[in-house]
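These notes are about the structure you will find just below.
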Amino acid sequence: MKSKSYDEVEKKLDQALRYYEINDKFSITDLRRRVLEVKHPFDFVKEVVEKAKFESKVELESLANLLMEFWIYIPRPELGNLSLMEKIKGRIIPSRYFSFQKLPYSSEEVEKINFFQDFLTFLKYVEENQVKLTQKGNITLKNLGEIVKQLVIPIRMEEKVGGRVFRVRSEEELSYVHKIHILADLMRLVRKRKGKLVICKKSKHHFDLFPHNVQFQILWSTYWHHLNWAYFHPYGEENIAEILQDNRDYVKKVFLDLNRKFKNEWINFSYLSKRLEKDLELTWYDAEGVNHPDILYLEIEAVLINEFKLFGLVETRKKKEKKWPHLERLVSFRLTSLGRKILSIM
């Protein structure tokens, strides 16, 4: 039986479809079916709003928020015809994000991940403060300085090298914070308004209703599917990050295959790098046409191992270089318990 909340949302959405003159393209029945077919709510929202014409951003946001409510309130067969909203408090929620299965990891597991904690801290700061933006849309240095002081991961706004002091001049120089900002924007949790970064209140309200493990899964899914990996790794004549992202399903398979082969133990990094090099025909040519596999392997480390480690999916072992003792070389890695669980449901 439908809940009163669902009936209200359905009625409002039906009126909105007529108002925006897209009721000939979508019916409530169509949208119910799409909610159960589409893996990510933002894909569902995008599919509808792209067909509508808006006179203002307010109208666009109004329809988008209504569609998000529809996504959360719609009854689902896998929940015994209850909605996500009715199942949300204190429980793990089955949904199309996770192939109708319960998430195989707990909130306690992800609460240990520094990047996730810093992501939540960032949202809290934006919600409670006036965050000014530059003309390029970056967070101002004053606000950046206040944000980094609150993060778990230590970040310096200036670095002393010899007798010189190098100061951060832009958000883009702090890739850690910049990545959090972009992910929050992709998740529609923050937006730019009149030269400031503000919280999208309704989206944030819905996000806050989820337990931490579901929040983390949405964060990771946004990174995995929607963030442009090449933006943070724009190197190579044929961009390695772009190739790896285009083949991410195969990359996931290789990680899981190696994990099974080595029985959850440490894996020599060369097994991963050389397999990807061969199977995906990866190369790194310099300006003179000479291929440099060693540089290619460093890029694979940066794009996959370092990013996976950020999300708590892998652990690493490194060894100091003999020629350059201040440099460390990645020797081996292994999937964490969380990493095995997340990759198994992607």
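Note on naming: chains are A, B, ... as they come in the structure tokens, residues start from 1 per chain, ligands start from 1 in the order shown.
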Would you tabulate, counting only C-alpha atoms, all residues of region 154-227 of chain A that have an atom at most 9 Å from an atom of region 53-77 of chain A, showing the closest pair of atoms and their distance in Å to one decimal, sorted by chain then ascending number, as CSV?
residue,atom,partner,partner_atom,distance
A:Lys202,CA,A:Asn65,CA,6.7
A:Ser203,CA,A:Asn65,CA,7.0
A:His206,CA,A:Glu69,CA,8.1
Export, as a PDB file, in the first residue's frame, the selected residues with N, CA and C atoms.
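Saved result, selection_17.pdb, follows:
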ATOM      1  N   LYS A 202      17.908  20.680  -0.213  1.00  0.00           N
ATOM      2  CA  LYS A 202      17.071  19.481  -0.310  1.00  0.00           C
ATOM      3  C   LYS A 202      17.912  18.235  -0.592  1.00  0.00           C
ATOM      4  N   SER A 203      18.871  18.382  -1.517  1.00  0.00           N
ATOM      5  CA  SER A 203      19.737  17.230  -1.822  1.00  0.00           C
ATOM      6  C   SER A 203      20.550  16.829  -0.598  1.00  0.00           C
ATOM      7  N   HIS A 206      18.355  14.983   1.887  1.00  0.00           N
ATOM      8  CA  HIS A 206      18.165  13.583   1.496  1.00  0.00           C
ATOM      9  C   HIS A 206      19.433  12.776   1.760  1.00  0.00           C
TER      10      HIS A 206
END
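Using only C-alpha atoms, the residues found no farther than 9 Å from region 268-271 of chain A, other than those of its own chain fewer than 6 positions away, are Leu258, Tyr297, Glu301, Leu330, Val331, Ser332, Phe333 and Arg334 of chain A.
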Can you write out the residues you just picked, keeping N, CA and C atoms, as a PDB file, in the first residue's frame?
ATOM      1  N   LEU A 258      43.484 -10.903  -9.419  1.00  0.00           N
ATOM      2  CA  LEU A 258      44.760 -10.970  -8.706  1.00  0.00           C
ATOM      3  C   LEU A 258      44.553 -11.231  -7.214  1.00  0.00           C
ATOM      4  N   TYR A 297      54.172   2.911 -15.763  1.00  0.00           N
ATOM      5  CA  TYR A 297      53.841   2.244 -14.499  1.00  0.00           C
ATOM      6  C   TYR A 297      53.589   3.260 -13.386  1.00  0.00           C
ATOM      7  N   GLU A 301      50.142   3.666 -11.231  1.00  0.00           N
ATOM      8  CA  GLU A 301      50.168   3.793  -9.770  1.00  0.00           C
ATOM      9  C   GLU A 301      49.372   5.022  -9.327  1.00  0.00           C
ATOM     10  N   LEU A 330      56.801   1.956  -5.269  1.00  0.00           N
ATOM     11  CA  LEU A 330      55.752   1.005  -4.898  1.00  0.00           C
ATOM     12  C   LEU A 330      56.205  -0.412  -5.246  1.00  0.00           C
ATOM     13  N   VAL A 331      56.161  -1.292  -4.246  1.00  0.00           N
ATOM     14  CA  VAL A 331      56.576  -2.683  -4.447  1.00  0.00           C
ATOM     15  C   VAL A 331      55.361  -3.593  -4.583  1.00  0.00           C
ATOM     16  N   SER A 332      54.421  -3.454  -3.656  1.00  0.00           N
ATOM     17  CA  SER A 332      53.257  -4.343  -3.669  1.00  0.00           C
ATOM     18  C   SER A 332      52.043  -3.649  -3.066  1.00  0.00           C
ATOM     19  N   PHE A 333      50.909  -4.264  -3.277  1.00  0.00           N
ATOM     20  CA  PHE A 333      49.658  -3.737  -2.733  1.00  0.00           C
ATOM     21  C   PHE A 333      48.740  -4.911  -2.423  1.00  0.00           C
ATOM     22  N   ARG A 334      47.693  -4.654  -1.681  1.00  0.00           N
ATOM     23  CA  ARG A 334      46.650  -5.654  -1.510  1.00  0.00           C
ATOM     24  C   ARG A 334      45.318  -4.954  -1.245  1.00  0.00           C
TER      25      ARG A 334
END
I need the residues of region 219-293 of chain A that end up classed as helix (DSSP H, G or I) by DSSP on the backbone, written out as number ranges by chain. A: 219-225, 229-232, 240-246, 248-261, 269-279, 293
How would the residues just chosen look if you wrote them out with C-alpha atoms as a PDB file, in the first residue's frame?
ATOM      1  CA  LEU A 219      30.463   9.017  -3.068  1.00  0.00           C
ATOM      2  CA  TRP A 220      32.497   6.138  -4.487  1.00  0.00           C
ATOM      3  CA  SER A 221      29.977   5.499  -7.303  1.00  0.00           C
ATOM      4  CA  THR A 222      30.153   9.172  -8.256  1.00  0.00           C
ATOM      5  CA  TYR A 223      33.947   8.961  -8.415  1.00  0.00           C
ATOM      6  CA  TRP A 224      33.915   5.651 -10.304  1.00  0.00           C
ATOM      7  CA  HIS A 225      31.280   6.579 -12.886  1.00  0.00           C
ATOM      8  CA  TRP A 229      39.837  10.772 -13.971  1.00  0.00           C
ATOM      9  CA  ALA A 230      41.883  12.515 -16.659  1.00  0.00           C
ATOM     10  CA  TYR A 231      41.152  15.901 -15.076  1.00  0.00           C
ATOM     11  CA  PHE A 232      43.486  15.034 -12.197  1.00  0.00           C
ATOM     12  CA  ILE A 240      46.345   6.767 -19.564  1.00  0.00           C
ATOM     13  CA  ALA A 241      43.698   7.868 -17.050  1.00  0.00           C
ATOM     14  CA  GLU A 242      41.106   8.160 -19.804  1.00  0.00           C
ATOM     15  CA  ILE A 243      41.916   4.691 -21.147  1.00  0.00           C
ATOM     16  CA  LEU A 244      41.761   3.151 -17.683  1.00  0.00           C
ATOM     17  CA  GLN A 245      38.430   4.815 -16.917  1.00  0.00           C
ATOM     18  CA  ASP A 246      36.959   3.709 -20.241  1.00  0.00           C
ATOM     19  CA  ARG A 248      37.168   0.381 -15.589  1.00  0.00           C
ATOM     20  CA  ASP A 249      35.077  -2.797 -15.624  1.00  0.00           C
ATOM     21  CA  TYR A 250      38.091  -4.693 -16.894  1.00  0.00           C
ATOM     22  CA  VAL A 251      40.352  -2.925 -14.358  1.00  0.00           C
ATOM     23  CA  LYS A 252      38.017  -4.045 -11.572  1.00  0.00           C
ATOM     24  CA  LYS A 253      38.130  -7.606 -12.903  1.00  0.00           C
ATOM     25  CA  VAL A 254      41.949  -7.592 -12.906  1.00  0.00           C
ATOM     26  CA  PHE A 255      42.066  -6.412  -9.281  1.00  0.00           C
ATOM     27  CA  LEU A 256      39.625  -9.110  -8.187  1.00  0.00           C
ATOM     28  CA  ASP A 257      41.381 -11.814 -10.262  1.00  0.00           C
ATOM     29  CA  LEU A 258      44.760 -10.970  -8.706  1.00  0.00           C
ATOM     30  CA  ASN A 259      43.213 -10.860  -5.263  1.00  0.00           C
ATOM     31  CA  ARG A 260      41.799 -14.381  -5.725  1.00  0.00           C
ATOM     32  CA  LYS A 261      45.067 -15.670  -7.174  1.00  0.00           C
ATOM     33  CA  PHE A 269      52.676  -4.210  -8.384  1.00  0.00           C
ATOM     34  CA  SER A 270      54.374  -5.435 -11.567  1.00  0.00           C
ATOM     35  CA  TYR A 271      51.678  -8.130 -11.952  1.00  0.00           C
ATOM     36  CA  LEU A 272      49.052  -5.419 -12.205  1.00  0.00           C
ATOM     37  CA  SER A 273      50.986  -2.861 -14.253  1.00  0.00           C
ATOM     38  CA  LYS A 274      52.348  -5.305 -16.833  1.00  0.00           C
ATOM     39  CA  ARG A 275      49.005  -7.047 -17.267  1.00  0.00           C
ATOM     40  CA  LEU A 276      47.233  -3.746 -17.906  1.00  0.00           C
ATOM     41  CA  GLU A 277      50.071  -2.650 -20.201  1.00  0.00           C
ATOM     42  CA  LYS A 278      49.700  -5.779 -22.296  1.00  0.00           C
ATOM     43  CA  ASP A 279      45.925  -6.250 -22.325  1.00  0.00           C
ATOM     44  CA  PRO A 293      57.242   1.684 -19.600  1.00  0.00           C
TER      45      PRO A 293
END
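Every residue of region 175-268 of chain A found in strand (DSSP E) when DSSP is run on the backbone appears here: Val190, Arg191, Lys192, Arg193, Lys196, Leu197, Val198, Ile199, Ile267 and Asn268 of chain A.
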As a PyMOL selection string, please: the residues near Lys149 (chain A) (cut-off 12 Å, only C-alpha atoms, same-chain neighbours under 6 positions excluded). chain A and resi 118+121-122+125+142-143+155-157+177
One-decimal distance in Å that lies between CA of Val198 (chain A) and CA of Leu123 (chain A): 9.3 Å
At a cut-off of 9 Å, using only C-alpha atoms, what residues contact Arg188 (chain A)? Leave out same-chain residues fewer than 6 positions from it and give the result as number ranges by chain. A: 42, 199-200, 203-204
Using only C-alpha atoms, pick whichever of A:Thr316, A:Asn213, A:Ser344, A:Asn114 has the shortest atom-to-atom distance to Ile153 (chain A).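 For Ile153 (chain A), the nearest of the candidates is A:Asn114.
CA of Lys194 (chain A) lies 26.9 Å from CA of Ala16 (chain A).
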Got a sec: who's within 12 Å of Ser107 (chain A), counting only C-alpha atoms, leaving out chain neighbours fewer than 2 positions off, as number ranges by chain? A: 90-93, 103-105, 109-113, 116-117, 210-217, 338
Kindly export the residues of the current selection with N, CA and C atoms, as a compact mmCIF listing (two decimals), in the first residue's frame.
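Written file, selection.txt:
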# COMPACT_ATOMS: atom_id res chain seq x y z
N GLY A 90 18.57 3.58 10.56
CA GLY A 90 19.29 2.52 11.26
C GLY A 90 19.44 1.23 10.50
N ARG A 91 19.21 1.22 9.20
CA ARG A 91 19.30 -0.02 8.45
C ARG A 91 20.13 0.17 7.19
N ILE A 92 20.56 -0.95 6.62
CA ILE A 92 21.23 -0.92 5.32
C ILE A 92 20.15 -1.04 4.25
N ILE A 93 20.23 -0.18 3.24
CA ILE A 93 19.14 -0.06 2.29
C ILE A 93 19.43 -0.79 0.99
N LEU A 103 24.23 -3.73 1.21
CA LEU A 103 25.64 -3.39 1.12
C LEU A 103 26.43 -4.35 2.01
N PRO A 104 27.52 -4.90 1.48
CA PRO A 104 28.27 -5.90 2.24
C PRO A 104 29.23 -5.30 3.26
N TYR A 105 29.15 -4.00 3.51
CA TYR A 105 30.02 -3.39 4.52
C TYR A 105 29.22 -2.42 5.37
N GLU A 109 32.86 0.66 9.10
CA GLU A 109 34.03 0.45 8.25
C GLU A 109 34.42 1.71 7.50
N VAL A 110 33.43 2.44 6.98
CA VAL A 110 33.77 3.62 6.19
C VAL A 110 34.05 4.84 7.05
N GLU A 111 33.59 4.83 8.27
CA GLU A 111 33.86 5.96 9.16
C GLU A 111 35.33 6.08 9.51
N LYS A 112 36.11 5.03 9.22
CA LYS A 112 37.55 5.04 9.46
C LYS A 112 38.32 5.66 8.29
N ILE A 113 37.64 5.89 7.17
CA ILE A 113 38.30 6.40 5.96
C ILE A 113 38.45 7.91 6.06
N PHE A 116 36.64 10.12 3.43
CA PHE A 116 35.20 10.22 3.65
C PHE A 116 34.89 11.21 4.78
N GLN A 117 35.65 11.13 5.86
CA GLN A 117 35.46 12.07 6.96
C GLN A 117 35.72 13.51 6.51
N PHE A 210 20.61 9.13 4.74
CA PHE A 210 21.24 7.83 4.52
C PHE A 210 22.26 7.53 5.61
N PRO A 211 22.41 6.25 5.99
CA PRO A 211 23.51 5.88 6.89
C PRO A 211 24.85 6.06 6.18
N HIS A 212 25.94 6.09 6.94
CA HIS A 212 27.25 6.42 6.37
C HIS A 212 27.70 5.45 5.29
N ASN A 213 27.36 4.17 5.41
CA ASN A 213 27.83 3.24 4.37
C ASN A 213 27.16 3.52 3.02
N VAL A 214 25.90 3.95 3.05
CA VAL A 214 25.23 4.30 1.79
C VAL A 214 25.78 5.62 1.26
N GLN A 215 26.03 6.57 2.14
CA GLN A 215 26.66 7.83 1.71
C GLN A 215 28.00 7.56 1.03
N PHE A 216 28.78 6.68 1.64
CA PHE A 216 30.10 6.35 1.07
C PHE A 216 29.95 5.68 -0.29
N GLN A 217 28.97 4.79 -0.42
CA GLN A 217 28.77 4.11 -1.70
C GLN A 217 28.38 5.10 -2.79
N LEU A 338 37.43 -3.78 2.83
CA LEU A 338 36.47 -2.85 2.22
C LEU A 338 36.63 -2.83 0.71
